[in-house]
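Engineer: Below is the structure I would like to discuss, written out as structure tokens.
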2 protein chains.
Amino acid sequence: MNSTMQNISVEKVKKSKIEEVDFNNLAFGSVFTDHMLVCDYKDGAWETPKVIPYQPISLDPSAKIFHYGQSIFEGMKAYKDDNNKTWLFRPLENFKRLNISAKRMAIPELPEEFFMEGLKTLLEVDNQWIPQTEGSSMYIRPFIFASGNGFHASPADAYKFIICLAPSGSYFSGKVKVLIEEKYSRSANGGVGYAKTGGNYAGQFYPTQLAVAKGYSQVVWTDDHNHEYIEEAGAMNIFIRIDDTLITGPTSDRILDGITRKSILQLAEKKGIKTEVRKITVTEVIEAAKNGRLKEMFGAGTAAVVSPISGFGYKGVDYDLPELESSFASQIKKDITDIQYNRAEDPFGWRVGL
Amino acid sequence: MNSTMQNISVEKVKKSKIEEVDFNNLAFGSVFTDHMLVCDYKDGAWETPKVIPYQPISLDPSAKIFHYGQSIFEGMKAYKDDNNKTWLFRPLENFKRLNISAKRMAIPELPEEFFMEGLKTLLEVDNQWIPQTEGSSMYIRPFIFASGNGFHASPADAYKFIICLAPSGSYFSGKVKVLIEEKYSRSANGGVGYAKTGGNYAGQFYPTQLAVAKGYSQVVWTDDHNHEYIEEAGAMNIFIRIDDTLITGPTSDRILDGITRKSILQLAEKKGIKTEVRKITVTEVIEAAKNGRLKEMFGAGTAAVVSPISGFGYKGVDYDLPELESSFASQIKKDITDIQYNRAEDPFGWRVGL
């Protein structure tokens, strides 16, 4: 973890492709900037990162990423305010979680300055790509994967840390209807559910396809033992409002320690909203829905920020959530994005200027 | 799944690198043959596979394999008999399991002939690479991964199916000491434990490192609820002999349906060894060890075939297993490999000549 990083070298593209991009019609994570940050782990150490033109990665067919799933990632965003200044949101939290994921996946931990200086350098080089259109932002994807070779089922001897930038529009549009899962599971006790590792996502795709075929957008994950506890919603943390209390499950080795999740808890508390971090049973949610005490459910994550849920299905029955004039979801989304875009005071010190 | 496959094209290397390989000192899965089979999934269909020179794979940094872990694989072997004829062992079972894994990981299923004809064509092209030295064989690695691009957490729109060949020596040497896991878990009920997907392996590396630091070679996985049931040993199925009964756990959504596992069950039955497929508790194994009824434990899988266990640790206590003159493990390993190398009759019809 100790490191003496040299200066980050920058190799610029000959011609930018920014002219080809329609910034008024950005999808999520499908257009990439001119450059990327690349950092190799070889012979037991992370080498100094460098900024190079965005380009394909070449790997041996025996590279362990193809076979044994050693991969981790983070999701972050950069925002521009009205004065064209660039802001990040709690970037050190992403760095810390990247290394928590790294440890669980037997990937060598990354020195802090490689991450922070690498990120800043890349964002400076591609600064003109950061969208200023309403609702858009620069989605940042730091990731590490096993690039070392060989079919032995053991950790690789080489890794690549890369940061890519994708100017993006919103992740979901509108409210989503979710299905509370009764059969499939996202994670095991003692497993890797708390790590942002590829396998946690691939495992969700099939159950989500089944839910989509039934008319839902996302799965609400429950525990793998009795499917009695509410855990996550799709690839997001989940919040449930019963009466005027906002509840979310405690983080664990099964539940991701979401940065949006913990920011919402702090924000809500400051706003005077009563919060509870405790296990939530499906039974409790159904009861609350039946007797009118269930007011809101929403997902929380970097990509969507806050994703309101319009209703849910469980054991063949659909439950609708009420339409609220001023929901916690919309209030909180506004508060967080106002901080992110430097439109409001930041009492928590979350915003980091570039 | 329906397909009209064209002939598989073969592009041969200009110069073979076979002269560089020491076939008397082969490690496991670290030397690769001159060619590989590649088959692309695009626009909703698998294209006809082709044999090309073994070469790097080039991918966009946003390829989903790097981010969301959509990958599956198989492990197989090819053997040469004394007459230089090549044999495969139950290859259709690998094909079927590949598609079972594909379904769970939301990867498009592969047509049978793409797999079988592709495999045969590749093995014919690189036939002179199949080792004839004792204990060596050609390890075959078919795999599929998400090559489509984009950061949206959803299944990719493009995949690559590849087969690589690695002339290999034995996977483990000698007996292994294992640790019965009390904290970490391999899989969840309703999860992906039965699929051969990368994430199942990456998740094992860290707990295995912790076990290695305590002097063990592998972890024996237990259920994630109470760690009371024995499930797998490292990346292998596990067999436990109590008195003269050979016991293994039932396959489930947590336990891989191993081809070596089911072959051993059939072989043992034919030999008159009493077998039981049932849940095994840790308590039962400890009791049997204490009162001398625990005779053997071994892992079973394609790479190691049968991997005898010399002893195990549990809650800080080490238990040694007896040295047997004619163990079930050694008898069964000889029987299976005799069938694989065409040194014995094959009453089950497992062997498939090339």
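Here's how to read the names in the structure tokens: chain A, B, ... by the order shown, residue numbers from 1 in each chain, ligand numbers from 1 in the order shown.
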Can you build me a table of chain A residues sitting at most 6 Å from chain B, with the closest atom pair per residue and its distance in Å to one decimal, using only C-alpha atoms, sorted by chain and residue number, as a Markdown table?

Structural biologist:
| residue | atom | partner | partner_atom | distance |
| --- | --- | --- | --- | --- |
| A:Gly29 | CA | B:Phe151 | CA | 4.7 |
| A:Ser30 | CA | B:Gly150 | CA | 4.9 |
| A:Pro56 | CA | B:Asp60 | CA | 4.5 |
| A:Ile57 | CA | B:Leu59 | CA | 5.2 |
| A:Ser58 | CA | B:Ser58 | CA | 4.3 |
| A:Leu59 | CA | B:Pro56 | CA | 5.1 |
| A:Asp60 | CA | B:Pro56 | CA | 4.5 |
| A:His67 | CA | B:Gly198 | CA | 5.2 |
| A:Tyr68 | CA | B:Gly198 | CA | 3.8 |
| A:Gly69 | CA | B:Gly198 | CA | 4.0 |
| A:Gln70 | CA | B:Ala202 | CA | 5.1 |
| A:Arg104 | CA | B:Tyr206 | CA | 5.9 |
| A:Met105 | CA | B:Gly203 | CA | 5.9 |
| A:Ala106 | CA | B:Tyr206 | CA | 5.1 |
| A:Gly150 | CA | B:Ser30 | CA | 4.9 |
| A:Phe151 | CA | B:Gly29 | CA | 4.7 |
| A:Lys183 | CA | B:Gly190 | CA | 5.8 |
| A:Tyr184 | CA | B:Gly190 | CA | 4.0 |
| A:Ser185 | CA | B:Gly190 | CA | 4.8 |
| A:Ser187 | CA | B:Ala188 | CA | 5.8 |
| A:Ala188 | CA | B:Ala188 | CA | 4.4 |
| A:Asn189 | CA | B:Asp224 | CA | 5.3 |
| A:Gly190 | CA | B:Tyr184 | CA | 4.0 |
| A:Gly191 | CA | B:Ser185 | CA | 5.1 |
| A:Gly198 | CA | B:Tyr68 | CA | 3.8 |
| A:Gly199 | CA | B:Gly199 | CA | 4.5 |
| A:Tyr201 | CA | B:Tyr68 | CA | 5.2 |
| A:Ala202 | CA | B:Gln70 | CA | 5.0 |
| A:Gly203 | CA | B:Met105 | CA | 5.9 |
| A:Phe205 | CA | B:Ala106 | CA | 5.9 |
| A:Tyr206 | CA | B:Ala106 | CA | 5.0 |
| A:Asp224 | CA | B:Asn189 | CA | 5.3 |

Engineer: Write the residues of the preceding selection, restricted to N, CA and C atoms, as a compact mmCIF listing (two decimals), in the first residue's frame.

Structural biologist:
# COMPACT_ATOMS: atom_id res chain seq x y z
N GLY A 29 -24.04 5.42 -19.74
CA GLY A 29 -22.84 4.58 -19.84
C GLY A 29 -22.61 3.93 -21.18
N SER A 30 -22.89 4.63 -22.26
CA SER A 30 -22.67 4.02 -23.57
C SER A 30 -21.82 4.88 -24.51
N PRO A 56 -8.97 -0.25 -27.06
CA PRO A 56 -9.24 -1.62 -26.65
C PRO A 56 -8.14 -2.17 -25.74
N ILE A 57 -8.54 -3.16 -24.94
CA ILE A 57 -7.61 -3.86 -24.05
C ILE A 57 -7.34 -5.22 -24.68
N SER A 58 -6.07 -5.58 -24.72
CA SER A 58 -5.69 -6.86 -25.33
C SER A 58 -5.28 -7.84 -24.23
N LEU A 59 -5.90 -9.02 -24.21
CA LEU A 59 -5.64 -10.00 -23.15
C LEU A 59 -5.45 -11.39 -23.73
N ASP A 60 -4.60 -12.18 -23.08
CA ASP A 60 -4.46 -13.58 -23.45
C ASP A 60 -5.78 -14.30 -23.16
N HIS A 67 -12.11 -16.41 -16.69
CA HIS A 67 -12.37 -17.74 -16.12
C HIS A 67 -12.83 -17.70 -14.66
N TYR A 68 -12.21 -16.84 -13.85
CA TYR A 68 -12.46 -16.93 -12.41
C TYR A 68 -13.04 -15.67 -11.78
N GLY A 69 -13.46 -14.73 -12.62
CA GLY A 69 -14.30 -13.63 -12.12
C GLY A 69 -13.66 -12.67 -11.14
N GLN A 70 -12.34 -12.59 -11.11
CA GLN A 70 -11.71 -11.64 -10.19
C GLN A 70 -11.84 -10.23 -10.75
N ARG A 104 -11.66 -8.65 -0.32
CA ARG A 104 -12.53 -9.83 -0.34
C ARG A 104 -12.30 -10.68 -1.59
N MET A 105 -11.91 -10.01 -2.70
CA MET A 105 -11.73 -10.73 -3.96
C MET A 105 -10.26 -11.10 -4.21
N ALA A 106 -9.43 -10.97 -3.17
CA ALA A 106 -8.01 -11.35 -3.25
C ALA A 106 -7.28 -10.59 -4.35
N GLY A 150 -3.43 -18.05 -17.00
CA GLY A 150 -3.32 -19.42 -16.50
C GLY A 150 -4.63 -19.96 -15.98
N PHE A 151 -4.82 -21.29 -16.14
CA PHE A 151 -6.08 -21.93 -15.76
C PHE A 151 -6.11 -22.42 -14.32
N LYS A 183 -37.58 -16.86 -4.63
CA LYS A 183 -36.83 -18.07 -4.97
C LYS A 183 -35.34 -17.82 -5.12
N TYR A 184 -35.00 -16.83 -5.93
CA TYR A 184 -33.58 -16.57 -6.20
C TYR A 184 -32.98 -15.65 -5.14
N SER A 185 -31.65 -15.67 -5.06
CA SER A 185 -30.96 -14.85 -4.07
C SER A 185 -29.78 -14.15 -4.69
N SER A 187 -27.07 -13.01 -2.56
CA SER A 187 -25.83 -13.23 -1.82
C SER A 187 -26.00 -14.17 -0.65
N ALA A 188 -24.87 -14.70 -0.22
CA ALA A 188 -24.83 -15.66 0.89
C ALA A 188 -24.24 -14.98 2.13
N ASN A 189 -24.64 -15.44 3.31
CA ASN A 189 -23.90 -15.07 4.52
C ASN A 189 -22.47 -15.57 4.34
N GLY A 190 -21.50 -14.73 4.67
CA GLY A 190 -20.11 -15.16 4.48
C GLY A 190 -19.68 -15.12 3.03
N GLY A 191 -20.51 -14.54 2.17
CA GLY A 191 -20.19 -14.47 0.75
C GLY A 191 -19.62 -13.12 0.36
N GLY A 198 -18.09 -8.24 -10.07
CA GLY A 198 -18.91 -8.56 -11.23
C GLY A 198 -19.94 -9.64 -10.99
N GLY A 199 -19.53 -10.73 -10.34
CA GLY A 199 -20.40 -11.88 -10.15
C GLY A 199 -21.71 -11.55 -9.45
N TYR A 201 -23.50 -9.06 -9.94
CA TYR A 201 -24.40 -8.46 -10.93
C TYR A 201 -24.87 -9.51 -11.93
N ALA A 202 -23.92 -10.31 -12.44
CA ALA A 202 -24.29 -11.35 -13.41
C ALA A 202 -25.34 -12.29 -12.83
N GLY A 203 -25.24 -12.58 -11.53
CA GLY A 203 -26.18 -13.49 -10.89
C GLY A 203 -27.59 -12.94 -10.82
N PHE A 205 -29.04 -11.15 -13.31
CA PHE A 205 -29.65 -10.92 -14.62
C PHE A 205 -30.81 -11.89 -14.93
N TYR A 206 -30.60 -13.17 -14.66
CA TYR A 206 -31.64 -14.15 -15.00
C TYR A 206 -32.91 -13.95 -14.15
N ASP A 224 -31.41 -15.41 1.62
CA ASP A 224 -31.45 -16.70 0.92
C ASP A 224 -31.96 -17.83 1.80

Engineer: Give the strand (DSSP E) residues of stretch 170-314 of chain A, as DSSP finds them on the backbone, and put them as number ranges by chain.

Structural biologist: A: 176-180, 218-222, 230-233, 236-242, 245-248, 274-277, 294-301, 305-314

Engineer: Within 12 Å of A:Glu19, counting only C-alpha atoms, which residues show up once you throw out same-chain ones fewer than 3 positions away? Write them as an NGL selection string, please.

Structural biologist: :A and (15-16 or 22-23 or 33-34 or 128-129)

Engineer: Just write the chosen residues, N, CA, C and O atoms, as a compact mmCIF listing (two decimals), in the first residue's frame.

Structural biologist:
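The result, written out as again33.txt:
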# COMPACT_ATOMS: atom_id res chain seq x y z
N LYS A 15 -7.09 13.59 -32.35
CA LYS A 15 -8.32 14.32 -32.66
C LYS A 15 -9.43 13.87 -31.71
O LYS A 15 -9.69 12.66 -31.60
N SER A 16 -10.05 14.81 -31.04
CA SER A 16 -11.13 14.47 -30.13
C SER A 16 -12.36 14.00 -30.92
O SER A 16 -12.61 14.46 -32.03
N ASP A 22 -24.04 13.77 -29.08
CA ASP A 22 -25.21 14.62 -28.84
C ASP A 22 -25.45 14.69 -27.34
O ASP A 22 -26.05 13.78 -26.75
N PHE A 23 -25.00 15.76 -26.72
CA PHE A 23 -25.10 15.88 -25.26
C PHE A 23 -26.52 16.10 -24.77
O PHE A 23 -26.78 16.05 -23.57
N THR A 33 -15.35 8.95 -23.21
CA THR A 33 -14.57 10.14 -23.55
C THR A 33 -13.33 9.75 -24.36
O THR A 33 -13.13 8.59 -24.70
N ASP A 34 -12.50 10.73 -24.64
CA ASP A 34 -11.32 10.50 -25.48
C ASP A 34 -10.22 9.69 -24.78
O ASP A 34 -9.40 9.06 -25.43
N GLN A 128 -13.85 18.92 -20.80
CA GLN A 128 -14.91 19.48 -21.67
C GLN A 128 -16.01 18.47 -21.98
O GLN A 128 -17.05 18.81 -22.53
N TRP A 129 -15.77 17.18 -21.60
CA TRP A 129 -16.78 16.14 -21.82
C TRP A 129 -17.83 16.11 -20.69
O TRP A 129 -18.83 15.41 -20.82

Engineer: What is the distance, in Å and to one decimal place, between atom CA of B:Gly169 and atom CA of B:Gly135?

Structural biologist: 6.3 Å

Engineer: What's around A:Thr283 at 12 Å? Count only C-alpha atoms, leave out sequence neighbours fewer than 5 positions away in its own chain, and write the answer as a list in words.

Structural biologist: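 Neighbouring residues, sequence-local ones excluded: Ile180, Thr222, Asn226, His227, Glu228, Tyr229, Ile230, Ala288, Ala289, Lys290, Tyr314 and Lys315 of chain A.
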
Engineer: Write a file of the selected residues as a tab-separated table (two decimals), in the first residue's frame, keeping all heavy atoms.

Structural biologist:
chain	number	residue	atom	x	y	z
A	180	ILE	N	-40.89	-8.67	-5.30
A	180	ILE	CA	-40.17	-9.19	-4.12
A	180	ILE	C	-39.87	-10.66	-4.36
A	180	ILE	O	-40.77	-11.47	-4.57
A	180	ILE	CB	-40.98	-8.98	-2.82
A	180	ILE	CG1	-41.19	-7.46	-2.59
A	180	ILE	CG2	-40.25	-9.60	-1.63
A	180	ILE	CD1	-41.94	-7.12	-1.32
A	222	THR	N	-34.23	-10.66	-1.27
A	222	THR	CA	-34.50	-11.05	0.11
A	222	THR	C	-33.40	-12.02	0.55
A	222	THR	O	-32.59	-12.45	-0.28
A	222	THR	CB	-35.88	-11.71	0.18
A	222	THR	OG1	-35.96	-12.71	-0.86
A	222	THR	CG2	-36.99	-10.70	-0.03
A	226	ASN	N	-34.95	-17.76	4.23
A	226	ASN	CA	-36.42	-17.86	4.20
A	226	ASN	C	-37.08	-16.81	3.31
A	226	ASN	O	-38.30	-16.74	3.28
A	226	ASN	CB	-36.98	-17.72	5.62
A	226	ASN	CG	-36.72	-18.95	6.45
A	226	ASN	OD1	-36.76	-20.07	5.95
A	226	ASN	ND2	-36.45	-18.75	7.74
A	227	HIS	N	-36.29	-15.98	2.64
A	227	HIS	CA	-36.82	-14.89	1.82
A	227	HIS	C	-37.78	-14.02	2.64
A	227	HIS	O	-38.83	-13.60	2.16
A	227	HIS	CB	-37.52	-15.43	0.56
A	227	HIS	CG	-36.57	-16.16	-0.34
A	227	HIS	ND1	-35.67	-15.52	-1.15
A	227	HIS	CD2	-36.36	-17.49	-0.53
A	227	HIS	CE1	-34.94	-16.42	-1.80
A	227	HIS	NE2	-35.34	-17.61	-1.43
A	228	GLU	N	-37.38	-13.75	3.85
A	228	GLU	CA	-38.25	-13.02	4.79
A	228	GLU	C	-37.75	-11.60	5.02
A	228	GLU	O	-38.51	-10.72	5.41
A	228	GLU	CB	-38.32	-13.81	6.10
A	228	GLU	CG	-39.14	-13.17	7.22
A	228	GLU	CD	-40.60	-12.88	6.83
A	228	GLU	OE1	-41.08	-13.37	5.81
A	228	GLU	OE2	-41.24	-12.10	7.58
A	229	TYR	N	-36.47	-11.36	4.77
A	229	TYR	CA	-35.92	-10.01	5.00
A	229	TYR	C	-35.64	-9.31	3.68
A	229	TYR	O	-35.06	-9.89	2.76
A	229	TYR	CB	-34.63	-10.09	5.83
A	229	TYR	CG	-34.89	-10.61	7.22
A	229	TYR	CD1	-34.66	-11.95	7.54
A	229	TYR	CD2	-35.43	-9.78	8.20
A	229	TYR	CE1	-34.93	-12.43	8.81
A	229	TYR	CE2	-35.70	-10.25	9.48
A	229	TYR	CZ	-35.46	-11.58	9.78
A	229	TYR	OH	-35.74	-12.05	11.03
A	230	ILE	N	-36.01	-8.04	3.60
A	230	ILE	CA	-35.78	-7.19	2.44
A	230	ILE	C	-34.31	-6.76	2.45
A	230	ILE	O	-33.82	-6.25	3.46
A	230	ILE	CB	-36.67	-5.93	2.51
A	230	ILE	CG1	-38.15	-6.31	2.59
A	230	ILE	CG2	-36.35	-4.96	1.39
A	230	ILE	CD1	-38.86	-6.49	1.29
A	288	ALA	N	-48.05	-3.20	6.20
A	288	ALA	CA	-48.09	-1.73	6.08
A	288	ALA	C	-48.80	-1.31	4.79
A	288	ALA	O	-49.54	-0.32	4.76
A	288	ALA	CB	-46.68	-1.16	6.13
A	289	ALA	N	-48.58	-2.09	3.71
A	289	ALA	CA	-49.26	-1.78	2.45
A	289	ALA	C	-50.76	-1.97	2.61
A	289	ALA	O	-51.57	-1.16	2.14
A	289	ALA	CB	-48.73	-2.68	1.33
A	290	LYS	N	-51.14	-3.04	3.32
A	290	LYS	CA	-52.57	-3.35	3.47
A	290	LYS	C	-53.30	-2.32	4.33
A	290	LYS	O	-54.45	-1.99	4.06
A	290	LYS	CB	-52.74	-4.74	4.09
A	290	LYS	CG	-52.52	-5.87	3.08
A	290	LYS	CD	-52.74	-7.23	3.74
A	290	LYS	CE	-52.54	-8.36	2.74
A	290	LYS	NZ	-52.46	-9.66	3.43
A	314	TYR	N	-45.88	-9.51	-4.89
A	314	TYR	CA	-45.42	-10.53	-3.95
A	314	TYR	C	-46.43	-11.67	-3.92
A	314	TYR	O	-47.61	-11.44	-3.71
A	314	TYR	CB	-45.24	-9.94	-2.55
A	314	TYR	CG	-44.71	-10.93	-1.54
A	314	TYR	CD1	-43.43	-11.48	-1.69
A	314	TYR	CD2	-45.48	-11.35	-0.45
A	314	TYR	CE1	-42.94	-12.41	-0.78
A	314	TYR	CE2	-44.99	-12.27	0.47
A	314	TYR	CZ	-43.73	-12.79	0.30
A	314	TYR	OH	-43.24	-13.71	1.19
A	315	LYS	N	-45.97	-12.87	-4.16
A	315	LYS	CA	-46.82	-14.07	-4.18
A	315	LYS	C	-48.07	-13.86	-5.03
A	315	LYS	O	-49.19	-14.18	-4.61
A	315	LYS	CB	-47.20	-14.47	-2.75
A	315	LYS	CG	-46.03	-15.05	-1.93
A	315	LYS	CD	-46.53	-15.79	-0.70
A	315	LYS	CE	-45.42	-16.10	0.31
A	315	LYS	NZ	-44.50	-17.16	-0.11

Engineer: What's around stretch 336-347 of chain B at 10 Å? Count only C-alpha atoms, leave out sequence neighbours fewer than 2 positions away in its own chain, and write the answer as a PyMOL selection string.

Structural biologist: chain B and resi 77-83+85-90+132+135+137+260+263-264+267+270+305-306+330-334+349-353

Engineer: If DSSP is run on the backbone, what residues of stretch 42-83 of chain B are alpha helix (DSSP H)? A reply as a ChimeraX atom specification would be ideal.

Structural biologist: /B:65-68

Engineer: One decimal, in Å: what's the spacing between atom CA of B:Gln218 and atom CA of A:Pro108?

Structural biologist: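 These two atoms are separated by 20.7 Å.
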
Engineer: If we count only C-alpha atoms and set the cut-off at 8 Å, which residues sit around B:Arg261, ignoring sequence neighbours fewer than 5 positions away in its own chain? Please answer as a PyMOL selection string.

Structural biologist: chain B and resi 237+300-301

Engineer: Please produce a file of those selected residues containing N, CA, C and O atoms, as an mmCIF file, in the first residue's frame.

Structural biologist:
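Final output, saved to selection.cif:
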data_model
loop_
_atom_site.group_PDB
_atom_site.id
_atom_site.type_symbol
_atom_site.label_atom_id
_atom_site.label_comp_id
_atom_site.auth_asym_id
_atom_site.auth_seq_id
_atom_site.Cartn_x
_atom_site.Cartn_y
_atom_site.Cartn_z
ATOM 1 N N ASN B 237 -16.115 -31.395 -5.936
ATOM 2 C CA ASN B 237 -17.094 -32.083 -5.100
ATOM 3 C C ASN B 237 -16.319 -32.874 -4.049
ATOM 4 O O ASN B 237 -15.135 -33.147 -4.211
ATOM 5 N N ALA B 300 -13.232 -34.495 -5.820
ATOM 6 C CA ALA B 300 -13.420 -35.087 -7.143
ATOM 7 C C ALA B 300 -13.727 -33.991 -8.158
ATOM 8 O O ALA B 300 -14.609 -33.166 -7.932
ATOM 9 N N GLY B 301 -12.955 -33.982 -9.236
ATOM 10 C CA GLY B 301 -13.182 -32.999 -10.288
ATOM 11 C C GLY B 301 -12.338 -33.345 -11.505
ATOM 12 O O GLY B 301 -11.448 -34.201 -11.422
#

Engineer: How many Å lie between atom CA of A:Phe115 and atom CA of A:Ile130, rounded to one decimal?

Structural biologist: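 Interatomic distance here is 19.1 Å.
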
Engineer: Given the choices A:Tyr41, A:Glu323, A:Leu26, A:Val51, which gets closest to A:Asn7 if the distance is worked out from only C-alpha atoms?

Structural biologist: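 So, comparing all the options, the nearest one is A:Val51.
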
Engineer: Identify, on the basis of only C-alpha atoms, every residue whose closest approach to A:Lys262 does not exceed 10 Å; exclude the query and any residue fewer than 3 positions from it along the same chain; express the result as a PyMOL selection string.

Structural biologist: chain A and resi 237+248+251+257-259+265-268+300

Engineer: Got time to write the residues from that selection, C-alpha atoms, as a compact mmCIF listing (two decimals), in the first residue's frame?

Structural biologist:
# COMPACT_ATOMS: atom_id res chain seq x y z
CA ASN A 237 -29.96 -0.18 -1.65
CA THR A 248 -33.32 0.76 5.44
CA THR A 251 -25.19 -3.19 5.95
CA ASP A 257 -22.45 -0.21 1.99
CA GLY A 258 -23.89 2.29 -0.48
CA ILE A 259 -22.54 5.84 -0.46
CA LEU A 265 -29.52 8.63 6.14
CA GLN A 266 -27.49 11.70 7.16
CA LEU A 267 -29.55 14.08 5.02
CA ALA A 268 -32.85 12.72 6.26
CA ALA A 300 -30.71 4.47 -3.81
